[in-house]
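Text of the file coords-v2.txt, holding compact mmCIF, C-alpha atoms:
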# COMPACT_ATOMS: atom_id res chain seq x y z
CA MET A 18 -19.89 101.04 -42.42
CA LYS A 19 -18.18 99.89 -45.63
CA ARG A 20 -15.35 98.42 -43.54
CA LEU A 21 -17.84 96.63 -41.28
CA LEU A 22 -19.64 95.15 -44.28
CA SER A 23 -16.40 94.00 -45.84
CA THR A 24 -15.94 91.39 -43.11
CA ARG A 25 -18.21 88.37 -42.99
CA HIS A 26 -18.98 88.69 -39.27
CA GLY A 27 -19.82 92.39 -39.71
CA PHE A 28 -21.95 91.71 -42.78
CA PHE A 29 -23.93 88.96 -41.04
CA ALA A 30 -24.34 91.13 -37.89
CA VAL A 31 -25.89 93.90 -40.02
CA ALA A 32 -28.11 91.32 -41.78
CA ALA A 33 -29.27 90.05 -38.34
CA LEU A 34 -30.16 93.59 -37.27
CA VAL A 35 -32.11 94.23 -40.52
CA SER A 36 -33.99 90.93 -40.09
CA TRP A 37 -34.88 91.72 -36.49
CA ALA A 38 -35.87 95.29 -37.44
CA THR A 39 -38.72 93.82 -39.54
CA LEU A 40 -40.24 92.61 -36.22
CA LEU A 41 -41.49 96.18 -35.77
CA VAL A 42 -43.82 95.93 -38.78
CA ILE A 43 -44.37 92.24 -39.52
CA GLU A 44 -47.68 90.48 -38.82
CA PRO A 45 -47.71 88.40 -35.61
CA GLU A 46 -48.08 85.09 -37.52
CA PHE A 47 -44.79 85.74 -39.35
CA ARG A 48 -42.74 87.03 -36.39
CA TRP A 49 -40.97 83.68 -36.19
CA VAL A 50 -39.64 84.20 -39.74
CA SER A 51 -37.88 87.45 -38.74
CA LEU A 52 -36.65 85.89 -35.50
CA ALA A 53 -35.33 82.74 -37.20
CA THR A 54 -33.66 84.64 -40.08
CA GLY A 55 -32.02 87.07 -37.65
CA GLY A 56 -31.00 84.09 -35.48
CA ILE A 57 -29.24 82.39 -38.41
CA TYR A 58 -27.34 85.61 -39.20
CA ALA A 59 -26.42 86.18 -35.54
CA THR A 60 -25.06 82.61 -35.32
CA LEU A 61 -23.11 83.05 -38.55
CA SER A 62 -21.75 86.39 -37.31
CA ILE A 63 -20.54 84.81 -34.06
CA LEU A 64 -19.00 81.82 -35.86
CA PHE A 65 -17.22 83.91 -38.49
CA GLY A 66 -16.19 86.43 -35.81
CA ALA A 67 -14.64 83.63 -33.76
CA GLU A 68 -12.87 82.31 -36.86
CA HIS A 69 -11.58 85.80 -37.62
CA LEU A 70 -10.21 86.22 -34.07
CA THR A 71 -8.56 82.80 -33.91
CA ARG A 72 -7.02 83.27 -37.35
CA ASP A 73 -5.54 86.62 -36.36
CA ARG A 74 -4.23 85.41 -32.99
CA GLY A 75 -3.16 81.90 -34.00
CA PRO A 76 0.42 80.77 -34.73
CA ARG A 77 1.79 82.89 -37.53
CA GLY A 78 1.12 81.54 -40.95
CA ARG A 79 -0.55 78.36 -39.73
CA SER A 80 -3.99 79.22 -40.91
CA ARG A 81 -2.69 80.41 -44.24
CA GLY A 82 -1.40 76.98 -45.06
CA ALA A 83 2.25 77.96 -44.73
CA GLY A 84 2.97 75.33 -42.09
CA GLY A 85 3.93 72.68 -44.58
CA ARG A 86 0.33 71.89 -45.54
CA ALA A 87 -1.53 73.17 -48.53
CA PRO A 88 -4.69 75.14 -47.69
CA ARG A 89 -7.83 73.06 -48.00
CA THR A 90 -9.82 73.67 -51.11
CA HIS A 91 -13.38 72.81 -51.89
CA PRO A 92 -15.26 72.49 -55.17
CA ASP A 93 -16.57 76.05 -55.01
CA SER A 94 -13.28 77.81 -54.40
CA SER A 95 -12.11 78.11 -57.98
CA MET B 3 -73.47 86.48 -60.70
CA THR B 4 -74.68 88.97 -63.28
CA GLY B 5 -71.41 89.89 -64.96
CA VAL B 6 -70.98 90.08 -68.71
CA VAL B 7 -67.87 89.21 -70.70
CA THR B 8 -66.98 92.33 -72.67
CA PRO B 9 -64.33 92.83 -75.39
CA ALA B 10 -62.48 95.12 -72.94
CA LEU B 11 -62.36 92.31 -70.37
CA ILE B 12 -60.98 89.85 -72.93
CA PHE B 13 -58.36 92.43 -73.98
CA ILE B 14 -57.22 93.04 -70.37
CA VAL B 15 -56.98 89.28 -69.72
CA PHE B 16 -54.85 89.05 -72.87
CA VAL B 17 -52.56 91.90 -71.65
CA ALA B 18 -52.23 90.15 -68.25
CA LEU B 19 -51.26 86.89 -69.95
CA CYS B 20 -48.72 88.77 -72.10
CA PHE B 21 -47.23 90.16 -68.85
CA ASP B 22 -46.99 86.55 -67.59
CA PHE B 23 -45.42 85.37 -70.87
CA VAL B 24 -42.72 88.07 -70.64
CA ASN B 25 -42.13 87.13 -67.00
CA GLY B 26 -41.44 83.53 -68.02
CA PHE B 27 -39.30 84.71 -70.96
CA HIS B 28 -37.20 86.91 -68.69
CA ASP B 29 -36.94 84.88 -65.48
CA ALA B 30 -36.18 81.49 -67.04
CA ALA B 31 -32.53 82.47 -66.86
CA ASN B 32 -32.67 82.57 -63.05
CA SER B 33 -33.61 78.94 -62.68
CA ILE B 34 -31.44 77.33 -65.32
CA ALA B 35 -28.42 79.59 -65.73
CA THR B 36 -26.28 77.42 -63.47
CA VAL B 37 -27.41 74.18 -65.19
CA VAL B 38 -26.42 75.69 -68.54
CA SER B 39 -23.17 77.28 -67.39
CA THR B 40 -22.01 73.98 -65.86
CA ARG B 41 -23.09 72.18 -69.06
CA VAL B 42 -25.37 69.72 -67.31
CA LEU B 43 -28.01 70.45 -69.98
CA SER B 44 -27.97 72.25 -73.31
CA PRO B 45 -29.78 75.63 -73.28
CA ARG B 46 -32.77 74.23 -75.20
CA LEU B 47 -33.18 71.19 -72.94
CA ALA B 48 -32.74 73.33 -69.83
CA VAL B 49 -35.44 75.73 -70.97
CA ALA B 50 -37.84 72.83 -71.66
CA TRP B 51 -37.01 71.43 -68.21
CA ALA B 52 -37.81 74.79 -66.53
CA ALA B 53 -40.99 75.32 -68.61
CA PHE B 54 -42.33 71.90 -67.61
CA PHE B 55 -41.87 72.59 -63.89
CA ASN B 56 -43.25 76.14 -64.30
CA PHE B 57 -46.40 74.61 -65.74
CA ILE B 58 -47.01 71.80 -63.24
CA ALA B 59 -46.62 74.16 -60.25
CA PHE B 60 -50.40 74.57 -60.13
CA LEU B 61 -50.72 70.88 -59.17
CA VAL B 62 -48.49 71.36 -56.12
CA PHE B 63 -49.36 74.78 -54.71
CA GLY B 64 -52.68 76.44 -53.97
CA THR B 65 -53.75 79.91 -55.13
CA LYS B 66 -53.14 81.93 -51.96
CA VAL B 67 -50.72 84.33 -53.70
CA ALA B 68 -53.40 85.05 -56.33
CA SER B 69 -55.89 85.83 -53.57
CA THR B 70 -53.42 88.22 -51.91
CA ILE B 71 -52.95 90.11 -55.19
CA ALA B 72 -56.70 90.17 -55.95
CA LYS B 73 -57.97 91.00 -52.46
CA GLY B 74 -55.02 92.20 -50.39
CA VAL B 75 -53.69 95.24 -52.30
CA VAL B 76 -56.72 97.46 -52.96
CA THR B 77 -60.28 97.41 -51.61
CA GLN B 78 -62.81 95.40 -53.63
CA ASN B 79 -65.19 98.29 -54.36
CA VAL B 80 -62.44 100.20 -56.22
CA LEU B 81 -61.60 97.38 -58.63
CA SER B 82 -62.69 98.07 -62.19
CA GLU B 83 -61.47 97.40 -65.74
CA SER B 84 -59.77 100.82 -65.89
CA VAL B 85 -57.97 100.33 -62.53
CA ILE B 86 -56.64 96.91 -63.50
CA PHE B 87 -55.68 98.01 -67.00
CA ALA B 88 -53.86 101.11 -65.67
CA GLY B 89 -52.18 98.94 -63.01
CA LEU B 90 -50.95 96.48 -65.65
CA LEU B 91 -49.69 99.30 -67.88
CA GLY B 92 -47.91 100.85 -64.89
CA ALA B 93 -46.11 97.55 -64.20
CA ILE B 94 -45.27 96.92 -67.86
CA GLY B 95 -44.10 100.54 -68.34
CA TRP B 96 -41.84 100.40 -65.29
CA ASP B 97 -40.42 97.03 -66.38
CA LEU B 98 -39.60 98.44 -69.82
CA ILE B 99 -37.95 101.60 -68.38
CA THR B 100 -35.79 99.60 -65.95
CA TRP B 101 -34.95 97.01 -68.61
CA TRP B 102 -33.70 99.90 -70.77
CA LEU B 103 -31.72 101.34 -67.83
CA GLY B 104 -30.35 97.89 -66.96
CA LEU B 105 -31.81 97.87 -63.45
CA PRO B 106 -32.66 94.41 -62.07
CA THR B 107 -36.23 95.06 -60.92
CA SER B 108 -39.06 92.81 -59.87
CA SER B 109 -42.18 92.47 -62.03
CA SER B 110 -44.07 91.43 -58.91
CA HIS B 111 -43.31 94.62 -57.03
CA ALA B 112 -44.12 96.63 -60.16
CA LEU B 113 -47.51 94.90 -60.37
CA VAL B 114 -48.32 95.72 -56.74
CA GLY B 115 -47.18 99.35 -57.21
CA GLY B 116 -49.19 99.62 -60.43
CA MET B 117 -52.41 98.31 -58.88
CA ALA B 118 -51.98 100.64 -55.90
CA GLY B 119 -51.27 103.70 -58.11
CA ALA B 120 -54.34 103.12 -60.28
CA ALA B 121 -56.57 102.60 -57.22
CA VAL B 122 -55.31 105.81 -55.57
CA ALA B 123 -55.95 107.72 -58.83
CA LYS B 124 -59.52 106.47 -58.80
CA ALA B 125 -60.51 106.67 -55.13
CA GLY B 126 -57.71 108.15 -53.03
CA TRP B 127 -55.40 106.65 -50.42
CA SER B 128 -58.22 105.02 -48.47
CA SER B 129 -58.58 102.49 -51.30
CA LEU B 130 -55.34 100.77 -50.26
CA GLN B 131 -55.34 97.67 -48.03
CA GLY B 132 -52.82 98.48 -45.30
CA GLU B 133 -52.50 94.92 -43.97
CA GLY B 134 -51.86 93.30 -47.35
CA LEU B 135 -49.40 95.99 -48.45
CA ARG B 136 -47.54 95.73 -45.15
CA LYS B 137 -47.11 91.96 -45.60
CA ILE B 138 -45.88 92.44 -49.17
CA GLY B 139 -43.56 95.32 -48.14
CA VAL B 140 -41.95 93.38 -45.27
CA PHE B 141 -41.27 90.38 -47.50
CA ILE B 142 -39.68 92.60 -50.17
CA VAL B 143 -36.90 93.01 -47.59
CA LEU B 144 -37.15 89.56 -45.98
CA SER B 145 -37.28 87.25 -49.03
CA PRO B 146 -33.73 87.98 -50.29
CA LEU B 147 -32.52 87.85 -46.68
CA ILE B 148 -34.13 84.42 -46.19
CA GLY B 149 -32.64 83.25 -49.51
CA LEU B 150 -29.23 84.55 -48.46
CA ALA B 151 -29.40 82.93 -45.00
CA LEU B 152 -30.48 79.58 -46.47
CA GLY B 153 -27.83 79.85 -49.22
CA VAL B 154 -25.06 80.30 -46.62
CA SER B 155 -26.50 77.56 -44.39
CA PHE B 156 -26.92 74.98 -47.19
CA MET B 157 -23.42 75.74 -48.48
CA LEU B 158 -21.85 75.33 -45.03
CA VAL B 159 -23.74 72.08 -44.38
CA VAL B 160 -22.73 70.60 -47.76
CA MET B 161 -19.10 71.72 -47.33
CA TRP B 162 -19.02 70.19 -43.87
CA ALA B 163 -20.63 66.95 -45.07
CA PHE B 164 -18.09 66.50 -47.88
CA HIS B 165 -15.01 68.06 -46.30
CA ARG B 166 -13.17 64.73 -46.28
CA THR B 167 -13.86 64.01 -49.93
CA LYS B 168 -10.60 64.22 -51.84
CA GLY B 169 -11.72 64.02 -55.45
CA VAL B 170 -13.00 67.51 -56.20
CA ALA B 171 -13.79 66.47 -59.78
CA THR B 172 -15.90 63.50 -58.57
CA LEU B 173 -17.76 65.77 -56.18
CA ASN B 174 -18.47 68.33 -58.87
CA ARG B 175 -19.72 65.58 -61.19
CA ALA B 176 -22.15 64.40 -58.50
CA PHE B 177 -23.40 67.93 -57.87
CA ARG B 178 -23.93 68.52 -61.58
CA ARG B 179 -26.61 65.83 -61.43
CA THR B 180 -28.23 67.17 -58.25
CA GLN B 181 -28.48 70.55 -59.98
CA LEU B 182 -31.18 69.05 -62.19
CA LEU B 183 -33.29 68.57 -59.07
CA SER B 184 -32.53 71.99 -57.59
CA ALA B 185 -33.26 73.74 -60.90
CA ALA B 186 -36.56 71.81 -61.13
CA ALA B 187 -37.44 72.87 -57.57
CA PHE B 188 -36.65 76.51 -58.32
CA SER B 189 -38.71 76.41 -61.53
CA LEU B 190 -41.59 74.93 -59.54
CA GLY B 191 -41.34 77.78 -57.01
CA HIS B 192 -41.06 80.34 -59.81
CA GLY B 193 -44.14 78.95 -61.55
CA ALA B 194 -46.08 78.88 -58.29
CA ASN B 195 -45.29 82.42 -57.14
CA ASP B 196 -45.07 84.34 -60.41
CA ALA B 197 -47.90 82.70 -62.35
CA GLN B 198 -50.16 83.34 -59.36
CA LYS B 199 -49.57 87.09 -59.61
CA THR B 200 -51.15 87.12 -63.06
CA MET B 201 -53.90 84.83 -61.78
CA GLY B 202 -54.50 87.42 -59.06
CA VAL B 203 -54.87 90.24 -61.59
CA ILE B 204 -57.34 88.25 -63.73
CA PHE B 205 -59.18 87.10 -60.60
CA ALA B 206 -59.48 90.75 -59.46
CA LEU B 207 -60.86 91.66 -62.88
CA LEU B 208 -63.46 88.87 -62.76
CA ILE B 209 -64.51 89.99 -59.27
CA ALA B 210 -64.77 93.61 -60.45
CA GLN B 211 -67.00 92.54 -63.37
CA HIS B 212 -69.14 90.36 -61.04
CA ILE B 213 -68.29 87.25 -63.02
CA VAL B 214 -66.82 85.54 -59.95
CA PRO B 215 -67.86 86.27 -56.33
CA ALA B 216 -65.20 87.89 -54.10
CA SER B 217 -65.54 84.97 -51.69
CA GLY B 218 -64.99 82.41 -54.49
CA SER B 219 -61.82 80.67 -55.59
CA VAL B 220 -59.72 81.27 -58.71
CA PRO B 221 -61.40 79.56 -61.72
CA LEU B 222 -59.50 76.62 -63.21
CA TRP B 223 -59.24 78.23 -66.68
CA VAL B 224 -57.45 81.21 -65.07
CA VAL B 225 -55.01 78.87 -63.29
CA LEU B 226 -54.30 76.88 -66.45
CA SER B 227 -53.94 79.92 -68.73
CA ALA B 228 -51.54 81.70 -66.33
CA HIS B 229 -49.32 78.61 -66.01
CA THR B 230 -49.47 78.02 -69.76
CA ALA B 231 -48.43 81.65 -70.44
CA ILE B 232 -45.44 81.54 -68.05
CA GLY B 233 -44.43 78.10 -69.35
CA LEU B 234 -44.63 79.21 -72.99
CA GLY B 235 -42.69 82.39 -72.14
CA THR B 236 -39.91 80.30 -70.64
CA LEU B 237 -39.94 77.99 -73.65
CA ALA B 238 -40.03 80.80 -76.21
CA GLY B 239 -37.14 83.01 -75.34
CA GLY B 240 -35.44 81.99 -72.13
CA TRP B 241 -32.49 80.32 -73.77
CA ARG B 242 -31.22 83.60 -75.26
CA ILE B 243 -31.02 85.24 -71.84
CA VAL B 244 -29.64 82.07 -70.30
CA LYS B 245 -26.55 82.35 -72.49
CA THR B 246 -25.79 85.79 -71.01
CA MET B 247 -26.69 84.83 -67.44
CA GLY B 248 -24.72 81.62 -67.71
CA THR B 249 -21.54 83.46 -68.58
CA ARG B 250 -22.12 86.11 -65.90
CA ILE B 251 -22.14 83.55 -63.11
CA THR B 252 -19.59 81.03 -64.26
CA HIS B 253 -17.75 81.51 -60.97
CA LEU B 254 -20.48 79.33 -59.43
CA GLN B 255 -19.51 75.68 -59.45
CA PRO B 256 -22.15 72.90 -59.44
CA MET B 257 -22.09 72.63 -55.62
CA GLY B 258 -22.69 76.36 -55.16
CA GLY B 259 -25.32 76.40 -57.89
CA MET B 260 -27.20 73.53 -56.27
CA CYS B 261 -27.12 75.25 -52.85
CA ALA B 262 -28.27 78.63 -54.26
CA GLU B 263 -31.15 77.11 -56.23
CA SER B 264 -32.26 74.93 -53.30
CA ALA B 265 -32.19 77.92 -50.94
CA ALA B 266 -34.22 80.08 -53.33
CA ALA B 267 -36.66 77.20 -54.01
CA ALA B 268 -37.23 76.68 -50.27
CA THR B 269 -37.95 80.43 -49.87
CA LEU B 270 -40.40 80.40 -52.80
CA PHE B 271 -42.17 77.26 -51.54
CA PHE B 272 -42.67 78.87 -48.13
CA THR B 273 -43.92 82.21 -49.47
CA SER B 274 -46.21 80.55 -52.06
CA VAL B 275 -47.85 78.36 -49.42
CA GLN B 276 -48.28 81.39 -47.14
CA GLY B 277 -49.78 83.49 -49.96
CA ILE B 278 -46.98 86.07 -50.03
CA PRO B 279 -46.00 87.49 -53.46
CA VAL B 280 -42.21 87.87 -53.59
CA SER B 281 -39.62 88.60 -56.27
CA THR B 282 -38.09 85.39 -57.61
CA THR B 283 -35.18 87.41 -59.07
CA HIS B 284 -34.31 89.02 -55.74
CA THR B 285 -34.67 85.68 -53.92
CA ILE B 286 -32.21 83.85 -56.20
CA ALA B 287 -29.90 86.90 -56.16
CA GLY B 288 -29.88 86.76 -52.34
CA ALA B 289 -29.15 83.02 -52.39
CA ILE B 290 -26.26 83.47 -54.86
CA VAL B 291 -24.80 86.25 -52.69
CA GLY B 292 -25.07 83.86 -49.70
CA VAL B 293 -23.20 81.09 -51.48
CA GLY B 294 -20.54 83.60 -52.62
CA ALA B 295 -20.22 85.04 -49.10
CA VAL B 296 -19.18 81.64 -47.72
CA ARG B 297 -16.11 81.85 -49.91
CA ARG B 298 -15.24 85.49 -49.34
CA LEU B 299 -17.21 88.71 -49.36
CA SER B 300 -15.04 90.18 -52.08
CA ALA B 301 -16.52 87.47 -54.35
CA VAL B 302 -19.83 89.32 -54.16
CA ARG B 303 -20.39 92.00 -56.78
CA TRP B 304 -21.44 94.83 -54.46
CA GLY B 305 -22.05 97.22 -57.33
CA LEU B 306 -24.81 94.94 -58.61
CA ALA B 307 -26.14 94.41 -55.06
CA GLY B 308 -26.38 98.20 -54.61
CA ARG B 309 -28.35 98.50 -57.85
CA VAL B 310 -30.73 95.78 -56.62
CA VAL B 311 -31.34 97.79 -53.43
CA TRP B 312 -32.09 100.92 -55.49
CA ALA B 313 -34.45 98.87 -57.60
CA TRP B 314 -36.25 97.74 -54.42
CA ILE B 315 -36.68 101.32 -53.29
CA LEU B 316 -37.78 102.71 -56.64
CA THR B 317 -39.97 99.97 -58.14
CA ILE B 318 -43.20 100.42 -56.19
CA PRO B 319 -43.18 104.26 -56.37
CA GLY B 320 -42.17 104.12 -60.06
CA ALA B 321 -44.93 101.74 -61.15
CA PHE B 322 -47.33 103.57 -58.82
CA GLY B 323 -46.59 106.87 -60.60
CA ILE B 324 -47.00 105.47 -64.12
CA ALA B 325 -50.28 103.67 -63.25
CA TRP B 326 -51.60 106.82 -61.53
CA LEU B 327 -50.83 108.83 -64.67
CA VAL B 328 -52.35 106.21 -67.01
CA HIS B 329 -55.55 106.10 -64.94
CA MET B 330 -55.80 109.90 -64.97
CA VAL B 331 -55.43 109.89 -68.78
CA LEU B 332 -58.03 107.10 -69.12
CA ARG B 333 -60.43 109.06 -66.90
CA GLY B 334 -59.88 112.16 -69.00
CA VAL B 335 -60.52 110.24 -72.23
CA THR B 336 -63.66 108.36 -71.11

Written as structure tokens, that's how I'd like the structure from this file.
Amino acid sequence: MKRLLSTRHGFFAVAALVSWATLLVIEPEFRWVSLATGGIYATLSILFGAEHLTRDRGPRGRSRGAGGRAPRTHPDSS
Amino acid sequence: MTGVVTPALIFIVFVALCFDFVNGFHDAANSIATVVSTRVLSPRLAVAWAAFFNFIAFLVFGTKVASTIAKGVVTQNVLSESVIFAGLLGAIGWDLITWWLGLPTSSSHALVGGMAGAAVAKAGWSSLQGEGLRKIGVFIVLSPLIGLALGVSFMLVVMWAFHRTKGVATLNRAFRRTQLLSAAAFSLGHGANDAQKTMGVIFALLIAQHIVPASGSVPLWVVLSAHTAIGLGTLAGGWRIVKTMGTRITHLQPMGGMCAESAAAATLFFTSVQGIPVSTTHTIAGAIVGVGAVRRLSAVRWGLAGRVVWAWILTIPGAFGIAWLVHMVLRGVT
């Protein structure tokens, strides 16, 4: 479980399941909230899972910025 | 209405407003820590900024959260001065114990647990409102999850929108300014949701004393006094806590801070409009975790997250137990 949660796709998949689990007890007027929140997590899980797979199977070192290009940084990556 | 204003009633209203004051004092750090840590505003100015938006929240949002607290936790016929006083003491006692233990708990959940514990001590389990408690219980879990989901989504959208921007310093400068807006929005949400919890307690007390009919709305003086108390609490002591909070989250840059505050504000706006009392602390914590998770999961302090989960589990039973005990003592004394 700890290993699953340590990856972003695993973490978001668990978050999607927890969100959808609240469907069992939530009032009908708020069911869409659980569905939408779980949907966002499921989408994020798929996207990060795909990124994880392509990074692992891609040309060696390319995604790590070793192919002659510095890895892209953004303002929040300090 | 035939109710009479007694000294006991005035005292309990005063205790409720003190609870609100401490809430503002303590939670101010959540809304302005990033503004202070990124030096957009000085601590004193930031606190004044947050207090102002805490106060004007009553002009923007209704009083549905107050109604949920007053009418959705325990049945109307059980409400009395002793139940509300024991409930408040249960919440305050639990807050003090967890503050001493360093557990990040929610005053809102403690208030709900306290009210429920005192009501059960007076009239048994049938005095609890299942529907209202279910709604509150579900959103204890959902509100940080919504904050987290929105935090990740906002962060990804902003990163995508500015991914071609080369000047990181320019971008950070621009986001420092937008943080003023996001901090204002979060303070507005905090004022709306948290001040309404105190309004709900006072409203319940007025209903119990037959001063206000159960079908009526929250009196304006209750609305104004609750917002004044939370605003003054923010103004009085928030800046001391902000200094600590600001240094604890310096890893958040202006862009991340803006996304986290906007995500938490959106969650608080939604829940306030829907009349759902949620924890502002847990909502902003969820949003910050979301922003951190975009970077890498190891950036998230899982030890702290685990303690938050324990606080979720223990708060309602803890406050429930203290309020139950206080009510039993009060019953024995009177």

(request) Identify every residue of chain B that has at least one atom within 7 Å of any atom of chain A, counting all atoms listed in the file, and report the result as a list in words. (result)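 Here is what falls inside 7 Å: Lys137, Val140, Leu144, Ile148, Ala151, Val170, Asn174, Leu254, Gln255, Met257, Gly258, Arg297 and Leu299 of chain B.
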
Please write out, as JSON, where the centre of an axis-aligned box around all listed atoms of segment 203-209 of chain B lies and how long its edges are, in Å to one decimal, after adding 8 Å on each side.
{"center_x": -59.7, "center_y": 89.4, "center_z": -61.5, "size_x": 25.6, "size_y": 20.6, "size_z": 20.5}

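For the pair atom CA of Trp51 of chain B and atom CA of His229 of chain B, the interatomic distance is 14.4 Å.
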
(request) Kindly give the distance, in Å, that separates atom CA of Arg46 of chain B and atom CA of Gly26 of chain B, rounded to a single decimal. (result)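 Atom CA of Arg46 of chain B sits 14.6 Å away from atom CA of Gly26 of chain B.
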
(request) For atom CA of Leu150 of chain B and atom CA of Ala59 of chain B, determine how far apart the two atoms are, in Å to one decimal place. (result)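 Going from atom CA of Leu150 of chain B over to atom CA of Ala59 of chain B, I get 23.4 Å.
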
Atoms added to segment 46-59 of chain A (N, CA and C atoms), reported as a PDB file, in the frame of the given file:
ATOM      1  N   GLU A  46     -48.249  86.493 -37.082  1.00  0.00           N
ATOM      2  CA  GLU A  46     -48.080  85.090 -37.520  1.00  0.00           C
ATOM      3  C   GLU A  46     -46.753  84.833 -38.228  1.00  0.00           C
ATOM      4  N   PHE A  47     -46.074  85.922 -38.667  1.00  0.00           N
ATOM      5  CA  PHE A  47     -44.790  85.740 -39.350  1.00  0.00           C
ATOM      6  C   PHE A  47     -43.590  86.225 -38.521  1.00  0.00           C
ATOM      7  N   ARG A  48     -43.839  86.532 -37.244  1.00  0.00           N
ATOM      8  CA  ARG A  48     -42.740  87.030 -36.390  1.00  0.00           C
ATOM      9  C   ARG A  48     -41.609  86.008 -36.303  1.00  0.00           C
ATOM     10  N   TRP A  49     -41.989  84.732 -36.302  1.00  0.00           N
ATOM     11  CA  TRP A  49     -40.970  83.680 -36.190  1.00  0.00           C
ATOM     12  C   TRP A  49     -40.010  83.702 -37.379  1.00  0.00           C
ATOM     13  N   VAL A  50     -40.500  84.164 -38.539  1.00  0.00           N
ATOM     14  CA  VAL A  50     -39.640  84.200 -39.740  1.00  0.00           C
ATOM     15  C   VAL A  50     -38.515  85.218 -39.515  1.00  0.00           C
ATOM     16  N   SER A  51     -38.894  86.417 -39.019  1.00  0.00           N
ATOM     17  CA  SER A  51     -37.880  87.450 -38.740  1.00  0.00           C
ATOM     18  C   SER A  51     -36.915  86.976 -37.657  1.00  0.00           C
ATOM     19  N   LEU A  52     -37.496  86.359 -36.615  1.00  0.00           N
ATOM     20  CA  LEU A  52     -36.650  85.890 -35.500  1.00  0.00           C
ATOM     21  C   LEU A  52     -35.668  84.819 -35.968  1.00  0.00           C
ATOM     22  N   ALA A  53     -36.188  83.849 -36.752  1.00  0.00           N
ATOM     23  CA  ALA A  53     -35.330  82.740 -37.200  1.00  0.00           C
ATOM     24  C   ALA A  53     -34.251  83.242 -38.165  1.00  0.00           C
ATOM     25  N   THR A  54     -34.643  84.132 -39.111  1.00  0.00           N
ATOM     26  CA  THR A  54     -33.660  84.640 -40.080  1.00  0.00           C
ATOM     27  C   THR A  54     -32.566  85.424 -39.359  1.00  0.00           C
ATOM     28  N   GLY A  55     -32.998  86.311 -38.429  1.00  0.00           N
ATOM     29  CA  GLY A  55     -32.020  87.070 -37.650  1.00  0.00           C
ATOM     30  C   GLY A  55     -31.135  86.144 -36.820  1.00  0.00           C
ATOM     31  N   GLY A  56     -31.751  85.060 -36.300  1.00  0.00           N
ATOM     32  CA  GLY A  56     -31.000  84.090 -35.480  1.00  0.00           C
ATOM     33  C   GLY A  56     -29.903  83.408 -36.296  1.00  0.00           C
ATOM     34  N   ILE A  57     -30.240  83.031 -37.541  1.00  0.00           N
ATOM     35  CA  ILE A  57     -29.240  82.390 -38.410  1.00  0.00           C
ATOM     36  C   ILE A  57     -28.063  83.347 -38.638  1.00  0.00           C
ATOM     37  N   TYR A  58     -28.400  84.627 -38.947  1.00  0.00           N
ATOM     38  CA  TYR A  58     -27.340  85.610 -39.200  1.00  0.00           C
ATOM     39  C   TYR A  58     -26.493  85.868 -37.954  1.00  0.00           C
ATOM     40  N   ALA A  59     -27.169  85.934 -36.784  1.00  0.00           N
ATOM     41  CA  ALA A  59     -26.420  86.180 -35.540  1.00  0.00           C
ATOM     42  C   ALA A  59     -25.445  85.027 -35.293  1.00  0.00           C
TER      43      ALA A  59
END
